[in-house]
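S.K.: Structure in structure tokens, see below.
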Amino acid sequence: MNTRAASLLTTRGLTVGYPRGRGKPPLFALNDIDLDIEVGETVGIVGESGSGKSTLGNAILGVVRPTAGRIAFEGEDITHAGAARRRALTQHIQAVFQDPFGSLNPMRTIGKTLEEPLLAHRKLARRERANEVGEALLRVGLTAADADRYPGSFSGGQRQRIAIARALLLHPKLIICDEAVSALDLSVQAQILNLLRSLQQELKLALLFISHDMAVVRHVSDRVVVLYAGKLMESGSSAEICDDPQHPYTQRLLAARPVPDPVEQRNRHLAGTPAVTAPVPEVGCPFRPQCPLATDVCAVEPPVIRSDSRTVNCHAFPAHRVSGGESE
């Protein structure tokens, strides 16, 4: 991926590994990930469970410590930022998670919960805090009077709106959305996705949108990064990845999307199901045991084939087939 001076956030070679005991190599949840997020851009991170999506978000948030590599925010290296700097960074980097109810105290009103970041980061009088909370609730489609209600009186979609309001209170530049709509009904999902897009355009927010659902990622993202077993398989614009997937794993993810025709759905499911489930190899392409195009060369580290906008880590797709330009 090309390095761009204006990037809001970059990772280079980001790796997160966990020890597995004496004599065993570490288990890598992330392995050598390069990522750029521009001001006002939405980057979708997609992959199955265990692909490293949430680990990537947690590394950026400082919840997990990288084993190797670098994370920079507005040019500042924050890879190993201390506790005080991390607290300060929460003004600029916020998160919205899958289950907002878990982070809402059922014994406190919504207003009291939303005031907490304002008390921690800004010296405001009580009335000013109440005004800020009311404005944030209005911005996400609720009312200022909702500040006096308790979490249990809201639906799941409304609680997710509250979580978004809390993330907005400190006027962040980047919000990490980790499976933020996966627990919601489809109609509510669409409402929350449209809300996020509207807020992004209004406030010039950057979003890192983590999901296992390719259809959702396509709807909300400018660019998409596909992860499998901690490795980057493919990245490019949303249209490139969803309309012209080149990595076999990306093709399998897209084939798994539900379609209205039950016969086609069954055929797509069977075509995308690997014949044998095998452990992820420690060297070479992690998708190799399930890949219909795998050859002996895939047992070594796969190539990184780049163009101006596209990356494909696969020997089956030579540089000239990567749309958007010549390989580097």
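Labels for the structure tokens follow display order: chains A, B, ..., residues from 1 in each chain, ligands from 1.
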Quick check for you: according to DSSP on this backbone, which residues of region 43-288 of chain A are classed as alpha helix (DSSP H)? Reply as number ranges by chain.
M.R.: A: 53-61, 83-89, 110-121, 126-139, 156-168, 186-203, 214-220, 238-243, 248-255, 262-272
S.K.: Can you list, as number ranges by chain, every residue of region 86-240 of chain A that DSSP puts in strand (DSSP E or B)?
M.R.: A: 93-96, 174-178, 206-211, 223-228, 231-237
S.K.: Just want the 6 Å neighbourhood of Ala206 (chain A), counted on only C-alpha atoms, with same-chain residues fewer than 6 positions away dropped. Output as a list in words.
M.R.: Val39, Gly40, Glu41, Thr42 and Leu174 of chain A
S.K.: Between CA of Val140 (chain A) and CA of Val220 (chain A), what is the distance in Å, rounded to a tenth?
M.R.: 16.9 Å
S.K.: Just checking: using only C-alpha atoms, which residue out of A:Leu61, A:Leu56, A:Ile45, A:Leu199 ends up closest to Gly17 (chain A)?
M.R.: A:Leu56
